[in-house]
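The block underneath contains the structure these notes are about, expressed in C-alpha cells.
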Amino acid sequence: MWRRLAANRLVLLGTVITVVIVTLGILAPWISPDDYAKQDLLSSLEPPLSKGHLLGTDQLGRDTLSRILHGIRLSIFVGFVITAISLFFGGLLGLAAGYYRGKVDTAISAVIDIFWGFPLILVAVLLVGALGPGLLALMLAVGLINWAGFARVMRGEVLALREREFVEAARALGINDLRIMWRHVLPHAVPATLVLGSYYVALAIIFEAGFSFIGMGVQPPNPSLGQMIGEARNYMLVDSWLMTIPGVTIAVLVIALNLLGDGLRDIFDPRLKDN
Amino acid sequence: MTSRDRAESGPDSLIDLRGLSVELRMRKRTVHAVNAVSLSLAKEETLGLVGESGSGKTMTALAIMGLLPAPFGKVVAGEVIFDGKDLTALSDSELRKIRGNQISMVFQEPMTSLDPLFTIGSQIVEAIRAHRDLGRQEAKELAVSMLERVHIPSPRQRFDSYPHELSGGMRQRAMIATALILQPELLLADEPTTALDVTVQAQILDLIAELKSELRMGVLLITHNLAVVREVANRVAVMYAGEIVEIAPTERLFEDPRHPYTQGLILSIPTSRRVSHLHVIPGRPPDLTRLATGCPFAPRCPYVTNRCESEHPRLEPVSGADGHSFRCWNPQAFSRA
C-alpha cells in the first residue's frame with residue numbers, strides 16, 4: 001500500500017503535506033513561539049520575517065505563526081472529529097439498512113433522505129440560533145448532514161456485498177448476522193468509506209473556515225483560520241499578509257487532503273491498479 | 001397433500017419436502033419459483049436435482065436452508081420436515097443452529113464463496129466455533145485434519161493460505177471442508193462443479209461421493225449437467241418451471257424417461273456418436289410470473305395435445321416401476337434416434 005501511495009508524485013505530495021500539517025497542528029501548544037492570545041499593541045501589524053515574529057503580527061500585535069498553528073489544530077480537530085463521529089453513526093445505520101433491507105432499510109433510508117435534503121448552511125444557522133455561535137453548533141450542523149452521506153455510501157456498498165457469495169456461504173454455515181457484518185461485510189466496505197471520509201474532512205475544514213469567517217463559528221480569542229481571514233479583511237490594503245497566510249494555509253491543507261483522497265481511491269480501486 | 005406424498009416418506013427418510021412452494025415477490029410481479037414440490041431424501045442417498053437455469057433448483061435448496069433472498073423470497077405453502085421439525089416454521093436463530101451443523105451447502109463459485117480477506121483456516125475455524133464450544137487450538141487441529149481429508153496437500157501450510165493463493169479446485173475442496181467440518185447429515189451441493197475444469201470436476205465429484213459414504217450423509221446434488229448426475233446420483237428429480245416433472249432411480253430415468261422434457265434433456269447430452277448436431281429443445285422456459293393453467297412445458301412440447309394446454313397434469317407413478325413418477329398427459333416411448 002505504501003509503495004503504491006508513493007508511486008504517484010501528486011499523491012505522495014498530498015500525503016506528505018497532510019502529515020506535516022497535521023503534525024504541526026497537533027504539536028501547536030508546544031511548538032508555538034508565543035501565546036496565541038497575547039496582545040502587544042506596540043508591535044501590531046508587523047510584516048513577516050520581523051524580529052521575534054516569523055510570520056508577523058496582527059492588528060492587536062498577536063503572533064501570526066502561533067495563531068496559524070492553533071488555527072490548524074482547530075481545523076484538524078473539527079475536520080477529523082466530526083468526520084469520525086459521523087462516519088461511526090452513518091456507517092452503522094448504513095450497514096444496518098443495507099444488510100437487513102426490507103422495513104429497516106425503508107425506515108433508515110427515509111431518515112437519511114430527510115437529513116441529506118437539508119442545506120448545510122440552513123441547519124448551521126438554525127443551530128447557531130438555538131445554541132449560540134461557537135464550535136458546538138458548527139460541529140453539530142456538519143455532523144447532522146455528513147452522517148447521511150456516509151450512511152448512503154455504506155448502504156450502497158453493503159447492499160452489493162450482502163449478495164456476494166462468501167456472505168451467503170457464511171450464512172449457510174450458520175454464522176450469526178452480527179459476526180457476518182463485522183467480519184465479512186464491514187471490512188470490504190472500508191475502502192469506499194475511507195475515500196469519502198478524506199473528502200469529508202476537507203469539506204468540514206472549509207465549512208468551519210467559512211462559518212468562522214462570517215463570525216458564527218469559533219469565537220475570539222480562540223484562533224481559527226477562517227476567523228483570521230475575516231478579521232484581516234479590514235486590513236487588506238494595509239497588510240495583505242495577514243489575510244494571505246491563513247488563506248494559503250487552508251488552500252494547501254484542503255488540496256493536500258483531496259490529493260490524499262484521490263490516492264486512496266486509486267489504491268483501493270482494483271480497476272485502476274496498473275495505471 | 002395426497003396419500004402418495006405421505007407414503008413416499010419412509011422411516012429412513014432424512015428430509016421431506018411436502019408441497020413446497022416458493023414465491024419471489026417483487027414490487028410489481030410475483031415469480032412462482034417453486035411450485036408444490038414434494039421430495040424425499042433417504043439417509044445416505046444422493047438425489048440429483050436437474051433442470052435448466054431458473055427452473056427452481058437453487059430456490060428449493062435455499063428454501064430448505066431458510067436462506068431465500070430477503071426480502072422477496074417467501075415459502076408460501078408446504079413444509080420441509082427435517083429431524084422431526086418443519087424447517088419453514090423455525091425462527092432464524094433456530095435455523096442458524098442447523099445450518100452448517102446438520103445441513104450444509106456448497107455453492108457454485110469456489111472463486112467467490114470464500115472471503116478473500118481471511119485465510120482458509122480462519123474461515124473453517126469460524127464455522128466450527130459458530131456451533132461448537134472449542135478452543136482455538138482444538139478447532140485448528142480439527143480444521144487441519146479436515147483439509148487433509150479433502151485431499152489438500154500440506155494442509156498445515158494451506159491452513160494459513162488466502163483464497164487467492166489456491167486454484168479453483170483447491171478452493172472448492174476448501175469450501176467442502178468448511179461445509180462438512182461438523183459432519184452434517186445433509187449436504188446441499190448447488191452446482192458444485194460447474195465452475196471447474198472438466199478434470200477437476202471429476203475429482204470433486206469423487207471427493208463428494210467419498211465423503212458421503214465416510215460421513216454417511218445424504219446429498220442433494222443440484223446441477224444442470226445430466227452426465228454428472230448419472231455418475232453419482234441414486235435417484236434423479238427433473239425440475240421444470242418450478243415443479244418436478246419426473247423423478248426416478250437414476251438408471252431407470254436414463255433407460256426409460258417418460259416426460260418429453262426429460263427425453264429432450266437426455267437427447268441433448270453430447271455423445272461420441274452424436275457430435276455433428278446437438279439436439280436442442282425448442283423454445284424458452286416459461287415466464288414464471290404468469291403460469292398458464294395447462295402444462296408449463298406445453299408450448300415447447302413436440303407431443304402437445306389440447307388437454308395439455310387446458311389442464312395441469314399431475315405427478316403420477318409409473319405402474320410396475322417403483323419410485324418412478326412423471327407429469328404428462330401424452331407420454332411417448334423414448335427412442336434415442
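So you can find residues: chains in the C-alpha cells are A, B, ... in the order shown, residues in each start at 1, and ligands are numbered from 1 in order.
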
Next item on the list: Excluding Ile81 in chain B and any residue of its chain fewer than 4 positions from it, enumerate the residues within 12 Å of it, using only C-alpha atoms, and give them as JSON, numbers by chain.
Entry: {"B": [6, 9, 13, 14, 15, 16, 17, 18, 19, 20, 38, 39, 40, 41, 63, 64, 65, 85, 86, 87, 88, 89, 90]}

Take the residues that were just selected and, keeping C-alpha atoms, output them as an mmCIF file, in the first residue's frame.
data_model
loop_
_atom_site.group_PDB
_atom_site.id
_atom_site.type_symbol
_atom_site.label_atom_id
_atom_site.label_comp_id
_atom_site.auth_asym_id
_atom_site.auth_seq_id
_atom_site.Cartn_x
_atom_site.Cartn_y
_atom_site.Cartn_z
ATOM 1 C CA ARG B 6 -47.052 -39.363 2.670
ATOM 2 C CA SER B 9 -41.509 -40.632 3.257
ATOM 3 C CA SER B 13 -36.097 -40.559 5.237
ATOM 4 C CA LEU B 14 -33.731 -37.754 6.095
ATOM 5 C CA ILE B 15 -35.637 -34.805 4.749
ATOM 6 C CA ASP B 16 -39.130 -34.442 3.362
ATOM 7 C CA LEU B 17 -40.338 -31.602 1.222
ATOM 8 C CA ARG B 18 -44.113 -31.620 1.232
ATOM 9 C CA GLY B 19 -45.851 -29.463 -1.324
ATOM 10 C CA LEU B 20 -43.169 -26.783 -1.002
ATOM 11 C CA SER B 38 -42.693 -32.915 -2.844
ATOM 12 C CA LEU B 39 -39.433 -34.761 -2.445
ATOM 13 C CA SER B 40 -37.978 -37.158 -0.005
ATOM 14 C CA LEU B 41 -34.322 -37.871 0.518
ATOM 15 C CA ALA B 63 -35.806 -22.689 0.971
ATOM 16 C CA ILE B 64 -34.530 -25.735 2.851
ATOM 17 C CA MET B 65 -31.752 -23.623 4.376
ATOM 18 C CA LYS B 85 -39.227 -30.374 12.652
ATOM 19 C CA ASP B 86 -40.742 -28.197 9.964
ATOM 20 C CA LEU B 87 -37.818 -26.033 8.907
ATOM 21 C CA THR B 88 -40.062 -23.457 7.271
ATOM 22 C CA ALA B 89 -41.648 -22.756 10.666
ATOM 23 C CA LEU B 90 -38.404 -22.308 12.606
#

Next item on the list: Using only C-alpha atoms, find which residues of chain A lie within 10 Å of chain B and jot them down as a ChimeraX atom specification.
Entry: /A:99-103,163-177,179,183-185,187-188

Serialized selection, C-alpha atoms, as a PDB file, in the first residue's frame:
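The resulting file, out_38.pdb, is shown below:
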ATOM      1  CA  TYR A  99     -27.780  -5.701   5.441  1.00  0.00           C
ATOM      2  CA  TYR A 100     -31.314  -6.126   6.738  1.00  0.00           C
ATOM      3  CA  ARG A 101     -33.068  -4.423   3.823  1.00  0.00           C
ATOM      4  CA  GLY A 102     -36.872  -4.505   3.956  1.00  0.00           C
ATOM      5  CA  LYS A 103     -38.515  -2.338   6.599  1.00  0.00           C
ATOM      6  CA  GLU A 163     -25.227 -10.593  -2.306  1.00  0.00           C
ATOM      7  CA  ARG A 164     -21.633 -11.757  -2.611  1.00  0.00           C
ATOM      8  CA  GLU A 165     -21.294 -15.498  -2.419  1.00  0.00           C
ATOM      9  CA  PHE A 166     -18.957 -15.536   0.534  1.00  0.00           C
ATOM     10  CA  VAL A 167     -21.595 -13.735   2.596  1.00  0.00           C
ATOM     11  CA  GLU A 168     -24.201 -16.246   1.541  1.00  0.00           C
ATOM     12  CA  ALA A 169     -21.751 -19.048   2.255  1.00  0.00           C
ATOM     13  CA  ALA A 170     -21.156 -17.645   5.742  1.00  0.00           C
ATOM     14  CA  ARG A 171     -24.896 -17.570   6.354  1.00  0.00           C
ATOM     15  CA  ALA A 172     -25.162 -21.138   5.094  1.00  0.00           C
ATOM     16  CA  LEU A 173     -22.597 -22.101   7.742  1.00  0.00           C
ATOM     17  CA  GLY A 174     -24.866 -20.801  10.468  1.00  0.00           C
ATOM     18  CA  ILE A 175     -22.677 -17.846  11.403  1.00  0.00           C
ATOM     19  CA  ASN A 176     -24.751 -15.138  13.066  1.00  0.00           C
ATOM     20  CA  ASP A 177     -25.631 -11.851  11.413  1.00  0.00           C
ATOM     21  CA  ARG A 179     -20.477 -11.620  13.080  1.00  0.00           C
ATOM     22  CA  ARG A 183     -16.091  -9.907   9.638  1.00  0.00           C
ATOM     23  CA  HIS A 184     -17.359 -10.415   6.129  1.00  0.00           C
ATOM     24  CA  VAL A 185     -19.187  -7.226   5.183  1.00  0.00           C
ATOM     25  CA  PRO A 187     -14.020  -4.830   6.055  1.00  0.00           C
ATOM     26  CA  HIS A 188     -14.975  -4.835   2.390  1.00  0.00           C
TER      27      HIS A 188
END

Select from range 15-103 of chain B every residue with an atom at most 12 Å from any atom of range 216-227 of chain B, then for each give the shortest pair of atoms and their distance in Å to one decimal, using only C-alpha atoms, rows by chain and rising number, as a tab-separated table.
residue	atom	partner	partner_atom	distance
B:Ile15	CA	B:Gly218	CA	8.9
B:Asp16	CA	B:Leu220	CA	12.0
B:Leu39	CA	B:Leu220	CA	10.6
B:Ser40	CA	B:Leu220	CA	10.3
B:Leu41	CA	B:Gly218	CA	7.1
B:Ala42	CA	B:Gly218	CA	6.7
B:Lys43	CA	B:Gly218	CA	5.2
B:Glu44	CA	B:Gly218	CA	4.2
B:Glu45	CA	B:Gly218	CA	4.8
B:Thr46	CA	B:Val219	CA	4.6
B:Leu47	CA	B:Leu220	CA	5.0
B:Gly48	CA	B:Leu221	CA	4.7
B:Leu49	CA	B:Ile222	CA	4.7
B:Val50	CA	B:His224	CA	5.2
B:Gly51	CA	B:His224	CA	5.3
B:Glu52	CA	B:His224	CA	5.6
B:Ser53	CA	B:His224	CA	7.6
B:Gly54	CA	B:His224	CA	10.6
B:Ser55	CA	B:His224	CA	9.8
B:Gly56	CA	B:Ile222	CA	10.2
B:Lys57	CA	B:Ile222	CA	6.5
B:Thr58	CA	B:Ile222	CA	7.3
B:Met59	CA	B:Ile222	CA	10.6
B:Thr60	CA	B:Ile222	CA	9.7
B:Ala61	CA	B:Leu220	CA	8.3
B:Leu62	CA	B:Ile222	CA	11.4
B:Ile64	CA	B:Leu220	CA	10.9
B:Phe82	CA	B:Gly218	CA	11.9
B:Gln102	CA	B:Met217	CA	9.6
B:Ile103	CA	B:Gly218	CA	9.5

Same residues, N, CA and C atoms, saved as a PDB file, in the first residue's frame:
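Once everything was written out, this is result.pdb:
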ATOM      1  N   ILE B  15     -34.937 -36.081   4.882  1.00  0.00           N
ATOM      2  CA  ILE B  15     -35.637 -34.805   4.749  1.00  0.00           C
ATOM      3  C   ILE B  15     -36.816 -34.994   3.814  1.00  0.00           C
ATOM      4  N   ASP B  16     -37.908 -34.340   4.143  1.00  0.00           N
ATOM      5  CA  ASP B  16     -39.130 -34.442   3.362  1.00  0.00           C
ATOM      6  C   ASP B  16     -39.608 -33.060   2.966  1.00  0.00           C
ATOM      7  N   LEU B  39     -40.647 -33.980  -2.228  1.00  0.00           N
ATOM      8  CA  LEU B  39     -39.433 -34.761  -2.445  1.00  0.00           C
ATOM      9  C   LEU B  39     -39.082 -35.417  -1.141  1.00  0.00           C
ATOM     10  N   SER B  40     -38.458 -36.559  -1.225  1.00  0.00           N
ATOM     11  CA  SER B  40     -37.978 -37.158  -0.005  1.00  0.00           C
ATOM     12  C   SER B  40     -36.568 -37.664  -0.262  1.00  0.00           C
ATOM     13  N   LEU B  41     -35.708 -37.425   0.675  1.00  0.00           N
ATOM     14  CA  LEU B  41     -34.322 -37.871   0.518  1.00  0.00           C
ATOM     15  C   LEU B  41     -34.008 -38.810   1.665  1.00  0.00           C
ATOM     16  N   ALA B  42     -33.549 -40.019   1.311  1.00  0.00           N
ATOM     17  CA  ALA B  42     -33.253 -41.001   2.357  1.00  0.00           C
ATOM     18  C   ALA B  42     -31.871 -40.733   2.929  1.00  0.00           C
ATOM     19  N   LYS B  43     -31.633 -41.282   4.106  1.00  0.00           N
ATOM     20  CA  LYS B  43     -30.295 -41.184   4.691  1.00  0.00           C
ATOM     21  C   LYS B  43     -29.295 -41.849   3.752  1.00  0.00           C
ATOM     22  N   GLU B  44     -28.155 -41.202   3.593  1.00  0.00           N
ATOM     23  CA  GLU B  44     -27.066 -41.718   2.756  1.00  0.00           C
ATOM     24  C   GLU B  44     -27.446 -41.865   1.285  1.00  0.00           C
ATOM     25  N   GLU B  45     -28.469 -41.140   0.882  1.00  0.00           N
ATOM     26  CA  GLU B  45     -28.849 -41.192  -0.524  1.00  0.00           C
ATOM     27  C   GLU B  45     -28.326 -39.940  -1.233  1.00  0.00           C
ATOM     28  N   THR B  46     -28.004 -40.099  -2.526  1.00  0.00           N
ATOM     29  CA  THR B  46     -27.682 -38.925  -3.334  1.00  0.00           C
ATOM     30  C   THR B  46     -28.799 -38.725  -4.343  1.00  0.00           C
ATOM     31  N   LEU B  47     -29.469 -37.587  -4.211  1.00  0.00           N
ATOM     32  CA  LEU B  47     -30.545 -37.276  -5.126  1.00  0.00           C
ATOM     33  C   LEU B  47     -30.087 -36.158  -6.043  1.00  0.00           C
ATOM     34  N   GLY B  48     -30.167 -36.411  -7.348  1.00  0.00           N
ATOM     35  CA  GLY B  48     -29.810 -35.373  -8.301  1.00  0.00           C
ATOM     36  C   GLY B  48     -31.034 -34.530  -8.608  1.00  0.00           C
ATOM     37  N   LEU B  49     -30.867 -33.212  -8.528  1.00  0.00           N
ATOM     38  CA  LEU B  49     -31.969 -32.311  -8.876  1.00  0.00           C
ATOM     39  C   LEU B  49     -31.544 -31.582 -10.138  1.00  0.00           C
ATOM     40  N   VAL B  50     -32.240 -31.896 -11.239  1.00  0.00           N
ATOM     41  CA  VAL B  50     -31.789 -31.436 -12.542  1.00  0.00           C
ATOM     42  C   VAL B  50     -32.805 -30.484 -13.150  1.00  0.00           C
ATOM     43  N   GLY B  51     -32.313 -29.532 -13.899  1.00  0.00           N
ATOM     44  CA  GLY B  51     -33.211 -28.625 -14.589  1.00  0.00           C
ATOM     45  C   GLY B  51     -32.392 -27.481 -15.145  1.00  0.00           C
ATOM     46  N   GLU B  52     -32.985 -26.694 -16.057  1.00  0.00           N
ATOM     47  CA  GLU B  52     -32.204 -25.603 -16.628  1.00  0.00           C
ATOM     48  C   GLU B  52     -32.239 -24.399 -15.685  1.00  0.00           C
ATOM     49  N   SER B  53     -31.475 -23.379 -16.008  1.00  0.00           N
ATOM     50  CA  SER B  53     -31.433 -22.177 -15.175  1.00  0.00           C
ATOM     51  C   SER B  53     -32.838 -21.629 -14.983  1.00  0.00           C
ATOM     52  N   GLY B  54     -33.149 -21.286 -13.738  1.00  0.00           N
ATOM     53  CA  GLY B  54     -34.452 -20.699 -13.485  1.00  0.00           C
ATOM     54  C   GLY B  54     -35.560 -21.708 -13.301  1.00  0.00           C
ATOM     55  N   SER B  55     -35.216 -23.000 -13.177  1.00  0.00           N
ATOM     56  CA  SER B  55     -36.262 -23.996 -13.012  1.00  0.00           C
ATOM     57  C   SER B  55     -36.624 -24.199 -11.546  1.00  0.00           C
ATOM     58  N   GLY B  56     -35.933 -23.501 -10.646  1.00  0.00           N
ATOM     59  CA  GLY B  56     -36.303 -23.569  -9.238  1.00  0.00           C
ATOM     60  C   GLY B  56     -35.426 -24.475  -8.391  1.00  0.00           C
ATOM     61  N   LYS B  57     -34.346 -25.004  -8.986  1.00  0.00           N
ATOM     62  CA  LYS B  57     -33.473 -25.915  -8.233  1.00  0.00           C
ATOM     63  C   LYS B  57     -32.845 -25.213  -7.039  1.00  0.00           C
ATOM     64  N   THR B  58     -32.186 -24.091  -7.338  1.00  0.00           N
ATOM     65  CA  THR B  58     -31.479 -23.386  -6.271  1.00  0.00           C
ATOM     66  C   THR B  58     -32.453 -22.842  -5.235  1.00  0.00           C
ATOM     67  N   MET B  59     -33.610 -22.346  -5.692  1.00  0.00           N
ATOM     68  CA  MET B  59     -34.585 -21.805  -4.748  1.00  0.00           C
ATOM     69  C   MET B  59     -35.084 -22.895  -3.802  1.00  0.00           C
ATOM     70  N   THR B  60     -35.198 -24.122  -4.325  1.00  0.00           N
ATOM     71  CA  THR B  60     -35.599 -25.230  -3.475  1.00  0.00           C
ATOM     72  C   THR B  60     -34.572 -25.431  -2.358  1.00  0.00           C
ATOM     73  N   ALA B  61     -33.285 -25.431  -2.745  1.00  0.00           N
ATOM     74  CA  ALA B  61     -32.227 -25.618  -1.746  1.00  0.00           C
ATOM     75  C   ALA B  61     -32.204 -24.464  -0.752  1.00  0.00           C
ATOM     76  N   LEU B  62     -32.326 -23.241  -1.266  1.00  0.00           N
ATOM     77  CA  LEU B  62     -32.289 -22.086  -0.362  1.00  0.00           C
ATOM     78  C   LEU B  62     -33.487 -22.102   0.590  1.00  0.00           C
ATOM     79  N   ILE B  64     -34.860 -24.773   1.801  1.00  0.00           N
ATOM     80  CA  ILE B  64     -34.530 -25.735   2.851  1.00  0.00           C
ATOM     81  C   ILE B  64     -33.656 -25.069   3.915  1.00  0.00           C
ATOM     82  N   PHE B  82     -37.441 -32.001   8.651  1.00  0.00           N
ATOM     83  CA  PHE B  82     -36.088 -32.497   8.874  1.00  0.00           C
ATOM     84  C   PHE B  82     -35.939 -32.741  10.365  1.00  0.00           C
ATOM     85  N   GLN B 102     -26.111 -29.366  10.864  1.00  0.00           N
ATOM     86  CA  GLN B 102     -26.795 -30.575  10.415  1.00  0.00           C
ATOM     87  C   GLN B 102     -27.029 -30.567   8.904  1.00  0.00           C
ATOM     88  N   ILE B 103     -27.249 -29.361   8.370  1.00  0.00           N
ATOM     89  CA  ILE B 103     -27.401 -29.229   6.917  1.00  0.00           C
ATOM     90  C   ILE B 103     -26.376 -28.214   6.424  1.00  0.00           C
TER      91      ILE B 103
END

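Pairwise distance (CA of His259 in chain B, CA of Val238 in chain B) equals 9.4 Å.
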
Next item on the list: For Arg29 in chain B, list every protein, DNA or RNA residue within 12 Å, evaluated using only C-alpha atoms, and leave out those in the same chain fewer than 6 positions away; present the list as a ChimeraX atom specification.
Entry: /B:23,72,287-290

Item checked: Exercise: range 225-229 of chain A partners within 6 Å, only C-alpha atoms, chain neighbours under 6 positions left out, as a PyMOL selection string -> chain A and resi 71+209-210+212-213+243+246

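The coordinates place CA of Val31 in chain B at 9.3 Å from CA of Leu291 in chain B.
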
Item checked: d(CA of Leu65 in chain A, CA of Ile82 in chain A) in Å ->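 Those two atoms sit 25.5 Å apart.
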
Check: Which polymer residues have any atom within 12 Å of an atom of His53 in chain A, counting only C-alpha atoms, with same-chain residues fewer than 3 positions away left out, as an MDAnalysis selection string?
Finding: chainID A and resid 32:36 40 43:50 56:58 61:67

Notebook entry, point to check: Running DSSP on the backbone, which parts of range 16-82 of chain A land in alpha helix (DSSP H), as an NGL selection string?
Noted result: :A and (16-31 or 64-82)

Quick one: write out the picked residues with C-alpha atoms as a JSON list (two decimals), in the first residue's frame?
[["chain", "number", "residue", "atom", "x", "y", "z"],
["A", 16, "VAL", "CA", 3.45, 14.35, 2.96],
["A", 17, "ILE", "CA", 1.80, 17.77, 3.26],
["A", 18, "THR", "CA", -1.15, 16.33, 5.14],
["A", 19, "VAL", "CA", 1.12, 14.53, 7.57],
["A", 20, "VAL", "CA", 3.26, 17.64, 8.10],
["A", 21, "ILE", "CA", 0.30, 19.95, 8.64],
["A", 22, "VAL", "CA", -1.49, 17.51, 10.92],
["A", 23, "THR", "CA", 1.68, 17.09, 12.95],
["A", 24, "LEU", "CA", 2.13, 20.84, 13.22],
["A", 25, "GLY", "CA", -1.47, 21.18, 14.36],
["A", 26, "ILE", "CA", -1.19, 18.50, 16.98],
["A", 27, "LEU", "CA", 2.05, 19.92, 18.34],
["A", 28, "ALA", "CA", 0.80, 23.54, 18.27],
["A", 29, "PRO", "CA", 0.71, 24.10, 22.05],
["A", 30, "TRP", "CA", 4.32, 23.02, 22.36],
["A", 31, "ILE", "CA", 5.93, 24.48, 19.25],
["A", 64, "THR", "CA", 0.56, 35.19, 13.46],
["A", 65, "LEU", "CA", 2.58, 31.96, 13.43],
["A", 66, "SER", "CA", 1.20, 30.94, 16.81],
["A", 67, "ARG", "CA", -2.31, 31.75, 15.72],
["A", 68, "ILE", "CA", -1.89, 29.84, 12.46],
["A", 69, "LEU", "CA", -0.60, 26.77, 14.30],
["A", 70, "HIS", "CA", -3.52, 26.85, 16.72],
["A", 71, "GLY", "CA", -5.88, 27.52, 13.85],
["A", 72, "ILE", "CA", -4.59, 24.45, 12.07],
["A", 73, "ARG", "CA", -5.03, 22.49, 15.26],
["A", 74, "LEU", "CA", -8.65, 23.58, 15.44],
["A", 75, "SER", "CA", -9.33, 22.88, 11.74],
["A", 76, "ILE", "CA", -7.94, 19.42, 12.09],
["A", 77, "PHE", "CA", -9.82, 18.77, 15.26],
["A", 78, "VAL", "CA", -13.08, 19.89, 13.66],
["A", 79, "GLY", "CA", -12.41, 18.07, 10.39],
["A", 80, "PHE", "CA", -11.35, 14.75, 11.81],
["A", 81, "VAL", "CA", -13.57, 14.61, 14.87],
["A", 82, "ILE", "CA", -16.79, 15.44, 13.03]]

Notebook entry, point to check: How would you write, as a PyMOL selection string, the set of residues in range 277-336 of chain B that DSSP gives as strand (DSSP E or B)?
Noted result: chain B and resi 316-317+325-326

Residue subset to file, keeping C-alpha atoms, as a tab-separated table (two decimals), in the first residue's frame:
chain	number	residue	atom	x	y	z
B	316	GLU	CA	-48.43	-39.97	-11.49
B	317	PRO	CA	-46.43	-43.09	-10.66
B	325	SER	CA	-43.31	-40.84	-11.39
B	326	PHE	CA	-43.87	-38.24	-14.06
